[in-house]
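Participant: I'm passing along my_file-v5.txt; it holds compact mmCIF, C-alpha atoms and all ligand atoms.
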```
# COMPACT_ATOMS: atom_id res chain seq x y z
CA MET D 1 0.00 0.00 0.00
CA VAL D 2 3.08 2.21 0.16
CA GLY D 3 2.59 3.05 -3.50
CA LEU D 4 -0.95 4.23 -2.96
CA LEU D 5 0.34 6.64 -0.32
CA ASP D 6 3.14 7.72 -2.64
CA ILE D 7 0.93 8.40 -5.59
CA SER D 8 -1.73 10.26 -3.62
CA SER D 9 0.88 12.66 -2.22
CA GLN D 10 0.97 16.36 -3.09
CA ARG D 11 3.29 15.64 -6.02
CA PHE D 12 0.15 15.14 -8.07
CA MET D 13 -2.36 17.96 -8.59
CA THR D 14 -5.24 15.62 -9.31
CA LYS D 15 -5.91 12.23 -7.76
CA PRO D 16 -4.34 9.55 -9.96
CA THR D 17 -6.77 7.05 -11.43
CA GLN D 18 -5.90 3.40 -11.66
CA LEU D 19 -6.04 2.46 -15.33
CA TYR D 20 -5.06 -1.15 -15.13
CA GLU D 21 -3.73 -3.75 -12.69
CA GLY D 22 -1.48 -6.42 -14.16
CA LYS D 23 0.21 -9.38 -12.51
CA ALA D 24 3.34 -7.46 -11.47
CA LYS D 25 2.44 -3.78 -11.92
CA ILE D 26 -0.36 -1.25 -11.52
CA VAL D 27 -0.71 1.58 -14.05
CA TYR D 28 -2.09 5.01 -13.05
CA THR D 29 -2.85 8.20 -14.92
CA THR D 30 -0.89 11.38 -14.05
CA ASP D 31 -1.53 15.13 -14.38
CA ASP D 32 0.13 14.96 -17.77
CA SER D 33 -1.99 13.04 -20.30
CA ASP D 34 1.19 12.02 -22.16
CA LEU D 35 2.58 10.25 -19.08
CA LEU D 36 1.54 7.28 -16.97
CA LEU D 37 2.80 6.04 -13.62
CA THR D 38 3.62 2.35 -13.12
CA TYR D 39 3.80 0.88 -9.61
CA PHE D 40 5.93 -2.27 -9.23
CA LYS D 41 4.32 -4.89 -6.96
CA ASP D 42 5.89 -7.76 -4.99
CA ASP D 43 3.32 -10.20 -6.46
CA ALA D 44 4.74 -13.01 -8.55
CA THR D 45 2.87 -15.36 -10.86
CA ALA D 46 3.92 -18.18 -13.14
CA PHE D 47 2.30 -20.59 -15.59
CA ASN D 48 -0.35 -18.08 -16.64
CA ALA D 49 -1.06 -17.15 -13.02
CA GLN D 50 -1.78 -20.73 -11.92
CA LYS D 51 1.07 -20.32 -9.44
CA ARG D 52 0.96 -17.21 -7.25
CA GLY D 53 3.24 -15.85 -4.55
CA THR D 54 5.08 -12.86 -3.18
CA ILE D 55 8.74 -12.03 -3.58
CA THR D 56 9.47 -9.55 -0.77
CA GLY D 57 11.13 -6.38 -2.06
CA LYS D 58 10.73 -7.42 -5.72
CA GLY D 59 8.89 -4.20 -6.60
CA GLN D 60 11.79 -1.95 -5.58
CA ILE D 61 14.38 -4.27 -7.11
CA ASN D 62 12.64 -4.63 -10.49
CA CYS D 63 11.94 -0.90 -10.64
CA ALA D 64 15.62 -0.09 -10.00
CA ILE D 65 16.95 -2.72 -12.43
CA SER D 66 14.50 -1.67 -15.17
CA ARG D 67 15.42 1.97 -14.62
CA HIS D 68 19.14 1.31 -15.08
CA LEU D 69 18.63 -0.93 -18.10
CA PHE D 70 16.25 1.56 -19.79
CA GLN D 71 18.74 4.39 -19.16
CA MET D 72 21.57 2.26 -20.57
CA LEU D 73 19.50 1.37 -23.67
CA GLU D 74 18.44 5.01 -24.23
CA ALA D 75 22.13 5.97 -24.13
CA GLN D 76 22.68 3.36 -26.87
CA GLY D 77 19.95 4.95 -29.04
CA ILE D 78 17.04 2.59 -28.21
CA PRO D 79 13.79 4.56 -27.69
CA THR D 80 12.04 3.47 -24.46
CA HIS D 81 9.00 4.58 -22.47
CA TYR D 82 11.17 5.44 -19.42
CA VAL D 83 10.90 9.00 -18.04
CA ASP D 84 11.96 8.91 -14.36
CA CYS D 85 11.31 7.25 -10.99
CA PRO D 86 9.44 9.48 -8.50
CA SER D 87 9.90 6.81 -5.77
CA ASP D 88 11.58 3.44 -5.39
CA ARG D 89 8.57 1.46 -6.67
CA GLU D 90 7.25 3.97 -9.19
CA MET D 91 8.28 4.66 -12.76
CA ARG D 92 6.87 7.50 -14.80
CA VAL D 93 6.60 6.40 -18.41
CA LYS D 94 5.42 7.77 -21.76
CA ALA D 95 1.82 6.78 -22.44
CA VAL D 96 1.74 4.09 -25.12
CA THR D 97 -0.71 1.61 -26.54
CA ILE D 98 0.90 -1.76 -25.94
CA VAL D 99 1.39 -3.91 -29.05
CA PRO D 100 -0.12 -7.23 -27.88
CA ILE D 101 2.98 -9.24 -28.76
CA GLU D 102 5.50 -10.66 -26.28
CA VAL D 103 8.84 -10.71 -28.09
CA ILE D 104 11.23 -13.36 -26.78
CA VAL D 105 14.93 -13.33 -27.65
CA ARG D 106 17.02 -16.41 -26.89
CA ASN D 107 20.81 -16.75 -26.71
CA LEU D 108 20.84 -20.14 -24.96
CA ALA D 109 18.13 -22.79 -25.00
CA ALA D 110 15.95 -22.89 -21.87
CA GLY D 111 12.32 -22.97 -20.77
CA SER D 112 9.61 -23.52 -23.35
CA LEU D 113 12.15 -23.81 -26.20
CA CYS D 114 13.66 -26.93 -24.58
CA LYS D 115 10.22 -28.30 -23.75
CA GLN D 116 8.82 -27.78 -27.26
CA THR D 117 11.88 -28.76 -29.35
CA GLY D 118 13.91 -31.20 -27.25
CA LEU D 119 17.01 -28.95 -27.47
CA ALA D 120 19.29 -29.50 -24.47
CA LEU D 121 19.26 -26.84 -21.73
CA GLY D 122 22.04 -24.32 -22.35
CA THR D 123 22.53 -25.07 -26.07
CA GLN D 124 24.11 -21.98 -27.68
CA ILE D 125 21.78 -20.26 -30.18
CA ASP D 126 23.69 -18.25 -32.76
CA PRO D 127 22.32 -16.11 -34.31
CA PRO D 128 19.85 -15.40 -31.48
CA LEU D 129 16.28 -16.62 -31.93
CA VAL D 130 13.45 -14.07 -31.97
CA GLU D 131 9.99 -15.46 -31.16
CA TYR D 132 6.56 -13.88 -30.81
CA CYS D 133 3.76 -14.80 -28.41
CA TYR D 134 0.24 -13.42 -28.46
CA LYS D 135 -0.16 -11.29 -25.30
CA ASN D 136 -3.53 -12.76 -24.43
CA ASP D 137 -4.04 -14.35 -20.99
CA SER D 138 -7.29 -16.09 -21.87
CA LEU D 139 -5.53 -17.91 -24.73
CA GLY D 140 -2.45 -18.62 -22.55
CA ASP D 141 -0.05 -16.34 -24.52
CA PRO D 142 0.43 -18.81 -27.43
CA LEU D 143 3.47 -18.82 -29.71
CA LEU D 144 2.63 -17.04 -33.00
CA THR D 145 4.08 -17.36 -36.47
CA ARG D 146 4.79 -14.14 -38.40
CA ASP D 147 1.87 -14.94 -40.72
CA ARG D 148 -0.55 -15.48 -37.82
CA LEU D 149 0.62 -12.23 -36.29
CA LEU D 150 -0.11 -10.40 -39.55
CA LEU D 151 -3.42 -12.26 -39.96
CA LEU D 152 -4.48 -10.94 -36.54
CA ASN D 153 -3.33 -7.41 -37.51
CA LEU D 154 -1.25 -7.18 -34.34
CA ALA D 155 1.37 -5.13 -36.22
CA THR D 156 2.14 -4.09 -39.79
CA PRO D 157 4.94 -5.93 -41.65
CA GLU D 158 7.08 -2.76 -41.37
CA GLU D 159 6.45 -2.53 -37.62
CA LEU D 160 7.31 -6.19 -37.21
CA ASP D 161 10.60 -5.80 -39.07
CA TYR D 162 11.42 -2.79 -36.89
CA ILE D 163 10.48 -4.63 -33.67
CA ARG D 164 12.59 -7.64 -34.67
CA GLN D 165 15.66 -5.50 -35.48
CA MET D 166 15.25 -3.43 -32.30
CA SER D 167 14.95 -6.64 -30.23
CA LEU D 168 18.22 -7.96 -31.69
CA ASP D 169 19.93 -4.61 -31.01
CA ILE D 170 18.60 -4.68 -27.42
CA ASP D 171 19.93 -8.23 -27.06
CA ARG D 172 23.43 -7.09 -28.12
CA HIS D 173 23.42 -4.19 -25.65
CA LEU D 174 21.92 -6.18 -22.76
CA SER D 175 24.16 -9.23 -23.31
CA ALA D 176 27.28 -7.04 -23.28
CA PHE D 177 26.09 -5.15 -20.20
CA PHE D 178 25.23 -8.32 -18.24
CA GLN D 179 28.51 -9.94 -19.26
CA GLU D 180 30.30 -7.04 -17.55
CA CYS D 181 28.17 -7.81 -14.47
CA GLY D 182 29.28 -11.47 -14.47
CA ILE D 183 25.85 -12.59 -15.68
CA ILE D 184 24.87 -14.59 -18.76
CA LEU D 185 21.71 -13.33 -20.51
CA VAL D 186 20.05 -16.62 -21.49
CA ASP D 187 16.76 -15.22 -22.83
CA PHE D 188 14.27 -12.44 -22.18
CA LYS D 189 10.85 -11.05 -23.05
CA LEU D 190 10.16 -7.55 -24.36
CA GLU D 191 6.99 -5.57 -24.93
CA PHE D 192 6.66 -2.60 -27.26
CA GLY D 193 4.11 0.20 -27.45
CA ARG D 194 2.95 2.85 -29.91
CA ASP D 195 3.37 6.40 -28.59
CA ARG D 196 1.10 9.35 -29.42
CA GLN D 197 3.01 9.88 -32.71
CA ASN D 198 2.60 6.17 -33.52
CA ASN D 199 6.31 5.49 -33.03
CA ILE D 200 7.20 2.05 -31.70
CA ILE D 201 9.14 2.30 -28.42
CA LEU D 202 10.29 -0.25 -25.82
CA ALA D 203 7.83 -0.52 -22.91
CA ASP D 204 7.01 -2.70 -19.85
CA GLU D 205 10.07 -3.72 -17.76
CA ILE D 206 13.39 -5.56 -18.01
CA SER D 207 14.06 -7.45 -14.79
CA PRO D 208 14.67 -10.92 -13.32
CA ASP D 209 10.90 -11.44 -13.82
CA THR D 210 11.30 -11.12 -17.59
CA CYS D 211 14.84 -12.42 -18.23
CA ARG D 212 16.70 -15.67 -17.60
CA LEU D 213 19.99 -14.73 -15.95
CA TRP D 214 22.73 -17.20 -15.03
CA LYS D 215 25.74 -16.50 -12.83
CA GLN D 216 28.89 -16.69 -14.97
CA GLY D 217 31.31 -19.43 -13.94
CA GLU D 218 28.71 -21.33 -11.86
CA THR D 219 28.20 -24.78 -13.36
CA ASP D 220 25.58 -26.08 -10.92
CA PRO D 221 22.37 -25.81 -12.99
CA GLN D 222 20.29 -24.64 -10.01
CA ALA D 223 22.82 -22.50 -8.14
CA ARG D 224 23.50 -20.43 -11.28
CA ILE D 225 19.87 -19.24 -11.62
CA LEU D 226 19.37 -15.58 -10.62
CA ASP D 227 15.86 -15.01 -12.01
CA LYS D 228 12.19 -15.90 -11.71
CA ASP D 229 12.94 -19.55 -12.52
CA ARG D 230 13.86 -19.81 -8.80
CA PHE D 231 10.18 -19.02 -8.06
CA ARG D 232 8.78 -21.04 -10.99
CA GLN D 233 10.75 -24.14 -9.95
CA ASP D 234 10.51 -23.64 -6.14
CA LEU D 235 14.32 -23.43 -5.82
CA GLY D 236 14.28 -21.03 -2.81
CA ASP D 237 16.48 -17.95 -2.22
CA VAL D 238 14.41 -15.95 -4.71
CA GLU D 239 14.82 -12.58 -2.95
CA SER D 240 18.59 -12.99 -2.56
CA ALA D 241 18.95 -13.89 -6.26
CA TYR D 242 17.04 -10.73 -7.29
CA LYS D 243 19.19 -8.67 -4.87
CA GLN D 244 22.38 -10.10 -6.39
CA VAL D 245 21.22 -9.03 -9.85
CA LEU D 246 20.45 -5.52 -8.57
CA GLU D 247 23.83 -5.20 -6.85
CA ARG D 248 25.67 -6.34 -9.97
CA VAL D 249 23.63 -4.03 -12.24
CA LEU D 250 24.12 -1.02 -9.93
CA GLY D 251 27.84 -1.79 -9.63
CA GLN D 252 28.17 -1.87 -13.39
CA ALA D 253 25.91 1.14 -14.00
CA LYS D 254 28.13 3.46 -11.88
P1 LIG Z 1 9.76 -19.31 -21.90
O1 LIG Z 1 11.01 -20.12 -22.10
O2 LIG Z 1 8.93 -19.78 -20.74
O3 LIG Z 1 8.99 -19.15 -23.16
O4 LIG Z 1 10.25 -17.84 -21.47
C1 LIG Z 1 11.13 -17.10 -22.28
C2 LIG Z 1 11.49 -15.80 -21.57
O5 LIG Z 1 10.38 -14.96 -21.43
C3 LIG Z 1 12.05 -15.99 -20.15
O6 LIG Z 1 13.13 -15.09 -19.97
C4 LIG Z 1 10.93 -15.64 -19.25
C5 LIG Z 1 10.15 -14.62 -20.06
N1 LIG Z 1 8.71 -14.70 -19.83
C6 LIG Z 1 8.04 -13.59 -19.36
O7 LIG Z 1 8.62 -12.53 -19.12
N2 LIG Z 1 6.68 -13.68 -19.19
C7 LIG Z 1 6.00 -14.81 -19.46
O8 LIG Z 1 4.78 -14.83 -19.27
C8 LIG Z 1 6.71 -15.95 -19.95
C9 LIG Z 1 5.98 -17.23 -20.25
C10 LIG Z 1 8.05 -15.85 -20.12
N1 LIG Z 2 4.22 -14.08 -15.60
C1 LIG Z 2 3.61 -15.12 -16.31
C2 LIG Z 2 2.28 -15.53 -15.76
O1 LIG Z 2 2.02 -15.66 -14.61
C3 LIG Z 2 4.39 -16.38 -16.49
C4 LIG Z 2 5.84 -16.43 -16.21
O2 LIG Z 2 6.52 -15.43 -16.07
O3 LIG Z 2 6.33 -17.57 -16.13
O4 LIG Z 2 1.43 -15.75 -16.54
```
Kindly return the structure encoded in the file as structure tokens.
Facilitator:
Amino acid sequence: MVGLLDISSQRFMTKPTQLYEGKAKIVYTTDDSDLLLTYFKDDATAFNAQKRGTITGKGQINCAISRHLFQMLEAQGIPTHYVDCPSDREMRVKAVTIVPIEVIVRNLAAGSLCKQTGLALGTQIDPPLVEYCYKNDSLGDPLLTRDRLLLLNLATPEELDYIRQMSLDIDRHLSAFFQECGIILVDFKLEFGRDRQNNIILADEISPDTCRLWKQGETDPQARILDKDRFRQDLGDVESAYKQVLERVLGQAK
């Protein structure tokens, strides 16, 4: 409830209205119709919300990690929705209409790729694989082909080409950044939005909720996991893994 106190403080002329509550964030309006406020929750879900829990302190950690990664990407010329963080769980962002596609980029095989193809966990993928899922909870976020995506009019062919290229650029920047932090970027999920001028920009968050991150040099397949797979697979030490990622990202971002 800290966030509700934060957002109803005198920093806002008018009372913010909750626009939407997602699994990990709440989105509010602000005084400025071009900006929204996202509040990062401690709630964690997996397997299309069939598994639910709380990761204490996750909201602050994911907000801080996302902030640093968005700032790093902006400095590399990637347009993002990031504006600033008025508090440690809040991020002010440009108002966008989310493109209902979850873009997944994979550098090593893990998760659903291993399950659906039989590829061994950790198989190097070069060049990286870009996949698209339909952001639709009632359908279970199914994997989409490019043709299905166009059939559903989720994006134009030009937008899709742009999103794909931007995702690969983001992968290069993030992989290099995490490598400096002693972390291997296995795979991650991105979401994009259309701003008021209809430009496609990076939205949502980039955090241990949305990336697979392995500790470099750690060969134990469970001990190396520093991301939400610790929650998905009931491996324990979830909070400390998220904290380690934050410390490494902050150390590198200095
Ligand atoms: P997957 O292997 O389960 O398809 O996940 C690929 C990547 O996408 C992984 O880094 C976790 C992330 N992800 C999300 O951020 N949200 C989701 O709902 C799912 C299924 C995966
Ligand atoms: N966040 C997703 C859900 O609960 C799944 C996941 O991240 O594994 O639907």
Participant: Find the residue from D:Tyr20, D:Phe188, D:Tyr134, D:Phe47 that sits nearest to ligand LIG 2 (chain Z); use all atoms listed in the file when measuring.
Facilitator: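 For ligand LIG 2 (chain Z), the nearest of the candidates is D:Phe47.
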Participant: Which residue, D:Glu239, D:Gly22, D:Met91, D:Lys189, has the smallest gap to Thr45 of chain D when you use only C-alpha atoms?
Facilitator: D:Gly22
Participant: Let me see if you get this right: every residue at most 7 Å from ligand LIG 1 (chain Z), counting only C-alpha atoms and all ligand atoms, written as a list in words.
Facilitator: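 If we count only C-alpha atoms and all ligand atoms, the neighbours of ligand LIG 1 (chain Z) turn out to be Phe47, Asn48, Ile104, Ala110, Gly111, Ser112, Leu113, Asp187, Phe188, Lys189, Asp209, Thr210, Cys211 and Arg212 of chain D.
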Participant: Report as a ChimeraX atom specification all protein, DNA and RNA residues lying within 9 Å of segment 177-185 of chain D, evaluated on all atoms listed in the file, omitting residues in the same chain fewer than 5 positions from it.
Facilitator: /D:69,72,106-108,171-172,211-217,226,245,248-249,251-253
Participant: In terms of the shortest atom-to-atom distance over all atoms listed in the file, which of D:Ala109, D:Cys63, D:Leu139, D:Ala46 is closest to Lys25 of chain D?
Facilitator: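 Ranked by minimum distance to Lys25 of chain D, first place goes to D:Cys63.
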Participant: Taking (10.0, -13.5, -7.3) in the file's own coordinates, collect the residues within 6 Å, counting all atoms listed in the file, and hand them back as a list in words.
Facilitator: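 Here the neighbourhood of the point contains Ala44, Ile55, Lys228, Phe231 and Val238 of chain D.
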Participant: Of the residues D:Leu36, D:Ala49, D:Ile125, D:Leu73, which is the one nearest to Gly140 of chain D, using all atoms listed in the file?
Facilitator: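 Looking at the shortest contact to Gly140 of chain D, the residue is D:Ala49.
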Participant: For segment 125-145 of chain D, supply N, CA, C and O atoms and format the output as a PDB file, in the coordinates of the input.
Facilitator:
```pdb
ATOM      1  N   ILE D 125      22.613 -20.583 -29.007  1.00  0.00           N
ATOM      2  CA  ILE D 125      21.780 -20.260 -30.180  1.00  0.00           C
ATOM      3  C   ILE D 125      22.418 -19.066 -30.883  1.00  0.00           C
ATOM      4  O   ILE D 125      22.417 -17.956 -30.344  1.00  0.00           O
ATOM      5  N   ASP D 126      22.976 -19.306 -32.057  1.00  0.00           N
ATOM      6  CA  ASP D 126      23.690 -18.250 -32.760  1.00  0.00           C
ATOM      7  C   ASP D 126      23.397 -18.355 -34.249  1.00  0.00           C
ATOM      8  O   ASP D 126      23.767 -19.359 -34.857  1.00  0.00           O
ATOM      9  N   PRO D 127      22.757 -17.381 -34.874  1.00  0.00           N
ATOM     10  CA  PRO D 127      22.320 -16.110 -34.310  1.00  0.00           C
ATOM     11  C   PRO D 127      21.134 -16.293 -33.348  1.00  0.00           C
ATOM     12  O   PRO D 127      20.428 -17.306 -33.411  1.00  0.00           O
ATOM     13  N   PRO D 128      20.935 -15.305 -32.461  1.00  0.00           N
ATOM     14  CA  PRO D 128      19.850 -15.400 -31.480  1.00  0.00           C
ATOM     15  C   PRO D 128      18.492 -15.624 -32.145  1.00  0.00           C
ATOM     16  O   PRO D 128      18.258 -15.172 -33.272  1.00  0.00           O
ATOM     17  N   LEU D 129      17.622 -16.313 -31.424  1.00  0.00           N
ATOM     18  CA  LEU D 129      16.280 -16.620 -31.930  1.00  0.00           C
ATOM     19  C   LEU D 129      15.309 -15.541 -31.438  1.00  0.00           C
ATOM     20  O   LEU D 129      15.334 -15.183 -30.255  1.00  0.00           O
ATOM     21  N   VAL D 130      14.492 -15.027 -32.356  1.00  0.00           N
ATOM     22  CA  VAL D 130      13.450 -14.070 -31.970  1.00  0.00           C
ATOM     23  C   VAL D 130      12.100 -14.766 -32.160  1.00  0.00           C
ATOM     24  O   VAL D 130      11.821 -15.289 -33.244  1.00  0.00           O
ATOM     25  N   GLU D 131      11.294 -14.796 -31.089  1.00  0.00           N
ATOM     26  CA  GLU D 131       9.990 -15.460 -31.160  1.00  0.00           C
ATOM     27  C   GLU D 131       8.893 -14.481 -30.715  1.00  0.00           C
ATOM     28  O   GLU D 131       9.171 -13.525 -29.985  1.00  0.00           O
ATOM     29  N   TYR D 132       7.693 -14.762 -31.155  1.00  0.00           N
ATOM     30  CA  TYR D 132       6.560 -13.880 -30.810  1.00  0.00           C
ATOM     31  C   TYR D 132       5.463 -14.702 -30.149  1.00  0.00           C
ATOM     32  O   TYR D 132       5.110 -15.780 -30.640  1.00  0.00           O
ATOM     33  N   CYS D 133       4.939 -14.193 -29.029  1.00  0.00           N
ATOM     34  CA  CYS D 133       3.760 -14.800 -28.410  1.00  0.00           C
ATOM     35  C   CYS D 133       2.644 -13.775 -28.408  1.00  0.00           C
ATOM     36  O   CYS D 133       2.893 -12.563 -28.312  1.00  0.00           O
ATOM     37  N   TYR D 134       1.423 -14.278 -28.511  1.00  0.00           N
ATOM     38  CA  TYR D 134       0.240 -13.420 -28.460  1.00  0.00           C
ATOM     39  C   TYR D 134       0.017 -13.039 -26.999  1.00  0.00           C
ATOM     40  O   TYR D 134      -0.154 -13.926 -26.165  1.00  0.00           O
ATOM     41  N   LYS D 135       0.068 -11.729 -26.685  1.00  0.00           N
ATOM     42  CA  LYS D 135      -0.160 -11.290 -25.300  1.00  0.00           C
ATOM     43  C   LYS D 135      -1.660 -11.348 -25.029  1.00  0.00           C
ATOM     44  O   LYS D 135      -2.384 -10.380 -25.258  1.00  0.00           O
ATOM     45  N   ASN D 136      -2.104 -12.530 -24.619  1.00  0.00           N
ATOM     46  CA  ASN D 136      -3.530 -12.760 -24.430  1.00  0.00           C
ATOM     47  C   ASN D 136      -3.698 -13.850 -23.363  1.00  0.00           C
ATOM     48  O   ASN D 136      -3.552 -15.047 -23.652  1.00  0.00           O
ATOM     49  N   ASP D 137      -3.969 -13.414 -22.112  1.00  0.00           N
ATOM     50  CA  ASP D 137      -4.040 -14.350 -20.990  1.00  0.00           C
ATOM     51  C   ASP D 137      -5.080 -15.435 -21.187  1.00  0.00           C
ATOM     52  O   ASP D 137      -4.845 -16.593 -20.846  1.00  0.00           O
ATOM     53  N   SER D 138      -6.236 -15.062 -21.765  1.00  0.00           N
ATOM     54  CA  SER D 138      -7.290 -16.090 -21.870  1.00  0.00           C
ATOM     55  C   SER D 138      -6.914 -17.185 -22.853  1.00  0.00           C
ATOM     56  O   SER D 138      -7.402 -18.309 -22.763  1.00  0.00           O
ATOM     57  N   LEU D 139      -6.003 -16.877 -23.796  1.00  0.00           N
ATOM     58  CA  LEU D 139      -5.530 -17.910 -24.730  1.00  0.00           C
ATOM     59  C   LEU D 139      -4.222 -18.541 -24.235  1.00  0.00           C
ATOM     60  O   LEU D 139      -3.666 -19.423 -24.903  1.00  0.00           O
ATOM     61  N   GLY D 140      -3.696 -18.049 -23.102  1.00  0.00           N
ATOM     62  CA  GLY D 140      -2.450 -18.620 -22.550  1.00  0.00           C
ATOM     63  C   GLY D 140      -1.202 -18.141 -23.275  1.00  0.00           C
ATOM     64  O   GLY D 140      -0.210 -18.872 -23.326  1.00  0.00           O
ATOM     65  N   ASP D 141      -1.225 -16.932 -23.841  1.00  0.00           N
ATOM     66  CA  ASP D 141      -0.050 -16.340 -24.520  1.00  0.00           C
ATOM     67  C   ASP D 141       0.605 -17.302 -25.524  1.00  0.00           C
ATOM     68  O   ASP D 141       1.805 -17.615 -25.420  1.00  0.00           O
ATOM     69  N   PRO D 142      -0.146 -17.800 -26.529  1.00  0.00           N
ATOM     70  CA  PRO D 142       0.430 -18.810 -27.430  1.00  0.00           C
ATOM     71  C   PRO D 142       1.513 -18.253 -28.342  1.00  0.00           C
ATOM     72  O   PRO D 142       1.520 -17.065 -28.685  1.00  0.00           O
ATOM     73  N   LEU D 143       2.430 -19.145 -28.737  1.00  0.00           N
ATOM     74  CA  LEU D 143       3.470 -18.820 -29.710  1.00  0.00           C
ATOM     75  C   LEU D 143       2.787 -18.515 -31.037  1.00  0.00           C
ATOM     76  O   LEU D 143       1.857 -19.222 -31.442  1.00  0.00           O
ATOM     77  N   LEU D 144       3.245 -17.433 -31.717  1.00  0.00           N
ATOM     78  CA  LEU D 144       2.630 -17.040 -33.000  1.00  0.00           C
ATOM     79  C   LEU D 144       3.648 -17.120 -34.122  1.00  0.00           C
ATOM     80  O   LEU D 144       4.809 -16.783 -33.916  1.00  0.00           O
ATOM     81  N   THR D 145       3.224 -17.507 -35.293  1.00  0.00           N
ATOM     82  CA  THR D 145       4.080 -17.360 -36.470  1.00  0.00           C
ATOM     83  C   THR D 145       3.932 -15.911 -36.954  1.00  0.00           C
ATOM     84  O   THR D 145       2.975 -15.212 -36.595  1.00  0.00           O
TER      85      THR D 145
END
```
